[in-house]
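Data file: protein_6.csv. Format and content: CSV, C-alpha atoms.
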chain,number,residue,atom,x,y,z
A,36,ILE,CA,-9.5,20.1,-4.4
A,37,ASP,CA,-8.0,21.2,-7.7
A,38,SER,CA,-4.8,23.2,-8.2
A,39,CYS,CA,-4.5,24.3,-4.6
A,40,SER,CA,-1.0,24.4,-3.1
A,41,ASP,CA,-1.5,25.0,0.6
A,42,VAL,CA,-4.5,23.0,1.9
A,43,VAL,CA,-4.2,21.7,5.5
A,44,MET,CA,-7.0,19.9,7.3
A,45,SER,CA,-6.7,18.9,11.0
A,46,ASP,CA,-9.0,17.2,13.6
A,47,CYS,CA,-11.5,16.4,10.9
A,48,ILE,CA,-13.9,13.4,10.6
A,49,PHE,CA,-15.1,12.1,7.2
A,50,ASP,CA,-17.9,9.6,7.7
A,51,GLN,CA,-20.2,7.8,5.3
A,52,ASN,CA,-19.5,9.9,2.3
A,53,LEU,CA,-20.2,8.5,-1.2
A,54,ALA,CA,-18.8,9.3,-4.7
A,55,ASP,CA,-20.0,7.6,-7.9
A,56,GLU,CA,-16.5,7.8,-9.3
A,57,ASN,CA,-13.3,8.6,-7.5
A,58,GLY,CA,-12.6,9.8,-3.9
A,59,GLY,CA,-15.4,9.0,-1.6
A,60,ALA,CA,-14.4,11.7,0.9
A,61,ILE,CA,-11.7,13.7,-0.9
A,62,LEU,CA,-10.5,14.0,-4.6
A,63,VAL,CA,-7.2,15.8,-5.1
A,64,THR,CA,-6.2,16.8,-8.6
A,65,SER,CA,-4.0,19.3,-10.4
A,66,THR,CA,-5.6,20.6,-13.6
A,67,GLU,CA,-3.5,23.8,-13.8
A,68,PHE,CA,-0.8,23.4,-11.2
A,69,GLY,CA,0.2,20.9,-8.5
A,70,SER,CA,-2.0,20.6,-5.4
A,71,VAL,CA,-0.4,20.0,-2.0
A,72,VAL,CA,-2.8,18.7,0.7
A,73,GLY,CA,-2.0,18.0,4.3
A,74,LEU,CA,-4.1,15.9,6.8
A,75,LEU,CA,-3.4,15.8,10.5
A,76,ASP,CA,-5.3,13.9,13.2
A,77,ALA,CA,-8.1,13.0,10.9
A,78,THR,CA,-10.5,10.0,10.8
A,79,PHE,CA,-12.1,8.5,7.7
A,80,THR,CA,-14.8,5.9,8.3
A,81,GLY,CA,-17.3,4.2,6.0
A,82,ASN,CA,-16.6,6.2,2.9
A,83,THR,CA,-17.2,4.6,-0.5
A,84,ALA,CA,-16.3,5.3,-4.2
A,85,GLN,CA,-15.5,3.4,-7.4
A,86,SER,CA,-11.8,3.9,-6.7
A,87,GLY,CA,-10.2,5.6,-3.7
A,88,GLY,CA,-12.9,4.9,-1.1
A,89,ALA,CA,-11.6,7.6,1.2
A,90,ILE,CA,-9.2,9.6,-1.0
A,91,PHE,CA,-8.1,9.7,-4.7
A,92,VAL,CA,-4.9,11.7,-5.4
A,93,ASP,CA,-4.4,12.5,-9.1
A,94,ARG,CA,-2.2,14.3,-11.6
A,95,SER,CA,1.0,15.4,-9.9
A,96,SER,CA,-0.7,16.2,-6.6
A,97,VAL,CA,1.0,15.7,-3.2
A,98,LEU,CA,-0.8,14.3,-0.2
A,99,ASN,CA,0.8,14.3,3.3
A,100,VAL,CA,-1.0,12.4,6.0
A,101,GLU,CA,0.0,12.2,9.7
A,102,ARG,CA,-1.7,10.6,12.8
A,103,THR,CA,-4.8,9.6,10.8
A,104,ALA,CA,-7.1,6.5,10.8
A,105,PHE,CA,-8.8,5.0,7.8
A,106,ILE,CA,-11.4,2.5,9.1
A,107,ALA,CA,-13.9,0.4,7.0
A,108,ASN,CA,-13.7,2.4,3.8
A,109,ASP,CA,-14.7,0.7,0.6
A,110,ALA,CA,-14.0,0.9,-3.2
A,111,ASN,CA,-15.8,-1.1,-5.9
A,112,ALA,CA,-12.4,-1.4,-7.6
A,113,LYS,CA,-9.0,-0.5,-6.1
A,114,GLY,CA,-7.8,1.6,-3.2
A,115,GLY,CA,-10.4,1.1,-0.4
A,116,ALA,CA,-8.5,3.8,1.6
A,117,VAL,CA,-6.3,5.7,-0.9
A,118,VAL,CA,-5.5,5.7,-4.6
A,119,ALA,CA,-2.4,7.5,-5.9
A,120,ASN,CA,-2.4,8.0,-9.6
A,121,ALA,CA,0.7,9.9,-11.0
A,122,ALA,CA,0.9,11.5,-7.6
A,123,THR,CA,2.9,11.5,-4.3
A,124,VAL,CA,1.6,10.1,-1.0
A,125,LYS,CA,3.5,10.3,2.3
A,126,MET,CA,2.1,8.8,5.5
A,127,GLN,CA,3.3,8.8,9.1
A,128,HIS,CA,1.6,7.2,12.1
A,129,VAL,CA,-1.4,6.1,10.1
A,130,LEU,CA,-3.8,3.2,10.6
A,131,ILE,CA,-5.6,1.6,7.7
A,132,ASN,CA,-8.0,-1.1,8.8
A,133,SER,CA,-10.9,-3.2,7.4
A,134,THR,CA,-11.1,-1.9,3.9
A,135,GLN,CA,-13.3,-3.7,1.3
A,136,ALA,CA,-11.6,-3.4,-2.1
A,137,LEU,CA,-9.1,-5.1,-4.4
A,138,SER,CA,-6.4,-3.1,-2.4
A,139,ALA,CA,-6.3,-0.9,0.6
A,140,LEU,CA,-3.7,1.4,-1.0
A,141,GLN,CA,-3.3,1.6,-4.7
A,142,CYS,CA,-0.2,3.2,-6.4
A,143,THR,CA,0.0,3.7,-10.1
A,144,SER,CA,3.0,5.7,-11.6
A,145,SER,CA,3.4,7.3,-8.2
A,146,LEU,CA,5.7,7.7,-5.2
A,147,THR,CA,4.6,6.3,-1.9
A,148,ARG,CA,6.4,6.8,1.4
A,149,LEU,CA,5.1,5.1,4.5
A,150,GLN,CA,6.5,5.3,8.0
A,151,HIS,CA,4.9,3.9,11.1
A,152,VAL,CA,1.9,2.8,9.1
A,153,THR,CA,-0.3,-0.2,9.8
A,154,ILE,CA,-2.4,-1.8,7.1
A,155,ALA,CA,-4.6,-4.7,8.3
A,156,ASN,CA,-7.7,-6.7,7.6
A,157,SER,CA,-8.2,-5.7,4.0
A,158,SER,CA,-10.4,-7.9,1.8
A,159,GLY,CA,-7.7,-7.4,-0.9
A,160,SER,CA,-4.0,-6.5,-0.9
A,161,GLY,CA,-2.5,-4.1,1.6
A,162,LEU,CA,-0.6,-2.1,-1.0
A,163,ALA,CA,-0.8,-2.8,-4.8
A,164,GLY,CA,0.3,-1.1,-7.9
A,165,SER,CA,2.5,-0.8,-11.0
A,166,PHE,CA,5.2,1.7,-12.1
A,167,CYS,CA,5.3,2.6,-8.4
A,168,SER,CA,8.1,3.7,-6.1
A,169,ALA,CA,7.3,2.5,-2.6
A,170,GLU,CA,9.3,2.8,0.6
A,171,MET,CA,8.2,1.5,3.9
A,172,ARG,CA,9.8,2.0,7.3
A,173,ASP,CA,8.6,0.6,10.7
A,174,CYS,CA,5.4,-0.5,9.2
A,175,HIS,CA,3.1,-3.4,10.1
A,176,ILE,CA,1.2,-5.3,7.3
A,177,ASP,CA,-1.1,-7.8,8.9
A,178,LYS,CA,-4.0,-10.1,8.1
A,179,ASN,CA,-4.8,-9.0,4.5
A,180,ASP,CA,-6.8,-11.4,2.4
A,181,ASP,CA,-4.9,-11.0,-0.9
A,182,GLY,CA,-1.3,-10.4,0.1
A,183,GLY,CA,0.5,-7.7,2.0
A,184,ILE,CA,2.2,-6.0,-1.0
A,185,ARG,CA,1.6,-6.7,-4.7
A,186,LEU,CA,3.7,-4.7,-7.2
A,187,SER,CA,4.6,-5.1,-10.8
A,188,LEU,CA,5.9,-3.4,-14.0
A,189,GLU,CA,9.1,-1.4,-13.2
A,190,SER,CA,8.1,-0.7,-9.6
A,191,ASP,CA,10.7,-0.2,-6.9
A,192,LEU,CA,10.1,-1.5,-3.4
A,193,ALA,CA,12.2,-0.7,-0.3
A,194,VAL,CA,11.2,-2.1,3.1
A,195,TYR,CA,13.0,-1.4,6.3
A,196,ALA,CA,12.4,-2.6,9.9
A,197,SER,CA,8.8,-3.7,9.1
A,198,SER,CA,6.7,-6.8,9.9
A,199,PHE,CA,4.3,-8.9,7.8
A,200,SER,CA,2.1,-11.4,9.6
A,201,ASP,CA,-0.9,-13.6,8.8
A,202,ASN,CA,-1.3,-12.3,5.2
A,203,ARG,CA,-2.7,-14.8,2.7
A,204,ALA,CA,-2.7,-14.5,-1.1
A,205,THR,CA,-4.8,-16.2,-3.7
A,206,GLN,CA,-1.8,-16.1,-6.1
A,207,ASP,CA,2.0,-16.1,-5.4
A,208,GLY,CA,3.6,-14.2,-2.5
A,209,GLY,CA,1.7,-14.1,0.8
A,210,ALA,CA,3.5,-11.1,2.2
A,211,ILE,CA,5.3,-9.6,-0.8
A,212,PHE,CA,4.9,-10.2,-4.5
A,213,CYS,CA,6.9,-8.4,-7.2
A,214,SER,CA,6.7,-9.2,-10.9
A,215,ALA,CA,8.8,-7.5,-13.5
A,216,CYS,CA,9.8,-4.9,-10.9
A,217,ALA,CA,13.0,-2.8,-11.2
A,218,SER,CA,14.3,-3.5,-7.7
A,219,VAL,CA,13.3,-5.0,-4.4
A,220,SER,CA,15.1,-4.4,-1.1
A,221,ILE,CA,13.8,-5.9,2.2
A,222,ARG,CA,16.0,-5.3,5.2
A,223,ASN,CA,15.8,-5.9,9.0
A,224,SER,CA,12.2,-7.1,8.7
A,225,GLU,CA,10.2,-10.1,9.9
A,226,LEU,CA,7.7,-12.1,7.8
A,227,ARG,CA,5.6,-14.6,9.9
A,228,ASN,CA,2.7,-16.9,9.3
A,229,ASN,CA,2.0,-15.7,5.7
A,230,SER,CA,0.6,-18.1,3.1
A,231,ALA,CA,0.2,-18.4,-0.7
A,232,PRO,CA,0.1,-21.1,-3.4
A,233,ARG,CA,3.8,-20.4,-4.1
A,234,GLY,CA,6.2,-18.2,-2.0
A,235,GLY,CA,4.4,-18.3,1.4
A,236,ALA,CA,6.3,-15.1,2.4
A,237,ILE,CA,7.8,-13.7,-0.7
A,238,ALA,CA,7.5,-14.3,-4.5
A,239,ILE,CA,9.9,-12.5,-6.9
A,240,LEU,CA,9.4,-12.9,-10.6
A,241,ALA,CA,11.5,-11.4,-13.4
A,242,THR,CA,13.1,-8.7,-11.1
A,243,PRO,CA,16.8,-8.1,-11.8
A,244,SER,CA,17.8,-6.4,-8.6
A,245,THR,CA,16.8,-8.0,-5.3
A,246,THR,CA,18.2,-7.8,-1.7
A,247,ILE,CA,16.6,-9.6,1.2
A,248,ASN,CA,17.8,-9.5,4.8
A,249,ALA,CA,14.8,-10.7,6.8
A,250,SER,CA,13.5,-13.3,9.2
A,251,MET,CA,11.0,-15.7,7.8
A,252,LEU,CA,9.1,-17.8,10.2
A,253,HIS,CA,6.2,-20.3,9.8
A,254,ASN,CA,5.2,-19.2,6.3
A,255,ARG,CA,3.5,-21.7,4.0
A,256,ALA,CA,3.4,-22.5,0.3
A,257,GLN,CA,0.1,-24.2,0.0
A,258,GLN,CA,0.4,-25.7,-3.5
A,259,GLY,CA,3.9,-25.3,-4.9
A,260,GLY,CA,7.4,-24.5,-3.7
A,261,GLY,CA,9.0,-21.9,-1.6
A,262,GLY,CA,7.5,-21.7,1.9
A,263,GLY,CA,9.7,-18.8,2.5
A,264,ILE,CA,10.7,-17.5,-0.9
A,265,PHE,CA,9.7,-18.4,-4.5
A,266,TRP,CA,12.1,-16.9,-7.1
A,267,MET,CA,11.9,-17.1,-10.9
A,268,ASP,CA,13.5,-15.7,-14.0
A,269,HIS,CA,16.4,-13.9,-12.3
A,270,LYS,CA,19.2,-15.0,-9.9
A,271,PRO,CA,19.0,-13.4,-6.5

What does the file become when written as structure tokens?
Amino acid sequence: IDSCSDVVMSDCIFDQNLADENGGAILVTSTEFGSVVGLLDATFTGNTAQSGGAIFVDRSSVLNVERTAFIANDANAKGGAVVANAATVKMQHVLINSTQALSALQCTSSLTRLQHVTIANSSGSGLAGSFCSAEMRDCHIDKNDDGGIRLSLESDLAVYASSFSDNRATQDGGAIFCSACASVSIRNSELRNNSAPRGGAIAILATPSTTINASMLHNRAQQGGGGGIFWMDHKP
């Protein structure tokens, strides 16, 4: 889909599609002007690509997703379900489950808005990216194998009324990791049974603006400090 402003797809099934490069099921880009694509009541299963196993959204495009499931989509690199690259992705009432990739959602120089979204059982991170503006409301991030959220490099993260449980990370921050981010705000949320070498629940590095109002229960730092929070380089 290239330079199309009013594409809406509903009640669609995308199953076992393959792309050698980006976007196993759908590639959205904007060569001449911005594409705007809507997905309603769709299902994506078993799609595969180099990046963006199900969907790759590129070049100032906008993707709006509602009441949709992404199940067992794979990427050789990042974004087993969706990659946003210099784009906008908004999701409501979406399930992302059992992706095989470095991340289920990948956000690079993009805006990501998630509401009532569940990301679970990814072989990598739930959401990862850099130069990313990410907002999550009423979301559930569970049982991901390389952390719930991993952001860096001037990213902004705002989390409201969300839960993170049973995520584990090979590096710092079992549920949430931010390194050199611009700001982090976590409010009215619960982080439970997450684990990492340092910062079982949360690891914040070199991030000047951070606000945390959350419950942290039974999280574990396996090698270093901070079973709940590991903080370095800036005061909270």

Would you work out the distance separating CA of Gly263 (chain A) from CA of Ala231 (chain A), expressed in Å to one decimal?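 Distance between the two atoms: 10.0 Å.
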
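Between CA of Gln135 (chain A) and CA of Phe212 (chain A) lies a distance of 20.2 Å.
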
Using only C-alpha atoms for the distances, tell me which of A:Thr147, A:Leu62, A:Thr78, A:Ser157 is nearest to Met171 (chain A).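 Nearest to Met171 (chain A): A:Thr147.
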
As a PyMOL selection string, please: the residues near Ile36 (chain A) (cut-off 9 Å, all atoms listed in the file, same-chain neighbours under 4 positions excluded). chain A and resi 42+61-65+70+72

Who sits within 12 Å of Ala169 (chain A), only C-alpha atoms, same chain under 4 positions skipped, as a ChimeraX atom specification: /A:119,123-126,140-150,162-165,184-187,189-195,213,216-221

Can you tell me which residues surround Gly208 (chain A) at a distance of at most 12 Å, considering only C-alpha atoms, apart from same-chain residues fewer than 3 positions away, and format the answer as an NGL selection string? :A and (160 or 180-186 or 199 or 202-205 or 211-214 or 226 or 229-240 or 254-266)

Residue nearest Asn156 (chain A) - candidates A:Asp201, A:Glu67, A:Glu170, A:Glu225, atoms counted: all atoms listed in the file: A:Asp201

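What separates CA of Ser200 (chain A) from CA of Cys167 (chain A) is a distance of 23.0 Å.
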
Name the residues, using the chain letters and numbers of the file, that sit within 6 Å of (0.1, 12.0, -8.2) when counting all atoms listed in the file, and give them as a list in words.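 These residues have at least one counted atom within 6 Å: Val92, Asp93, Arg94, Ser95, Ser96, Ala119, Asn120, Ala121, Ala122, Thr123 and Ser145 of chain A.
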
Rank nothing, just name the residue among A:Ala104, A:Ala112, A:Ala155, A:Val118 nearest to Ala136 (chain A), using all atoms listed in the file.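 For Ala136 (chain A), the nearest of the given residues is A:Ala112.
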
Give me the residues within 10 Å of Ser133 (chain A) as JSON, numbers by chain, counting all atoms listed in the file and dropping any in the same chain fewer than 3 places off. {"A": [80, 81, 105, 106, 107, 108, 109, 115, 116, 136, 139, 154, 155, 156, 157, 158, 159, 178, 179]}

Compile the contact shell of Leu53 (chain A) as a list in words: residues with an atom at most 8 Å away, counting only C-alpha atoms, same-chain residues fewer than 4 positions apart removed.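 The filter keeps Gly59, Ala60, Asn82, Thr83 and Ala84 of chain A.
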
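Using all atoms listed in the file, every residue with an atom at most 10 Å from the point (-10.1, 17.5, 6.5) is listed here: Val42, Val43, Met44, Ser45, Asp46, Cys47, Ile48, Phe49, Ala60, Ile61, Val72, Gly73, Leu74, Leu75, Asp76, Ala77, Thr78 and Phe79 of chain A.
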
So for region 195-205 of chain A, what box centre and size do we get, axis-aligned, 5 Å extra on each of the six sides, every listed atom, Å to one decimal, as JSON?
{"center_x": 4.1, "center_y": -8.8, "center_z": 3.1, "size_x": 27.8, "size_y": 24.8, "size_z": 23.6}

Using all atoms listed in the file, find the one residue out of A:Ile131, A:Leu98, A:Gly209, A:Ser38 that sits nearest to His253 (chain A). A:Gly209
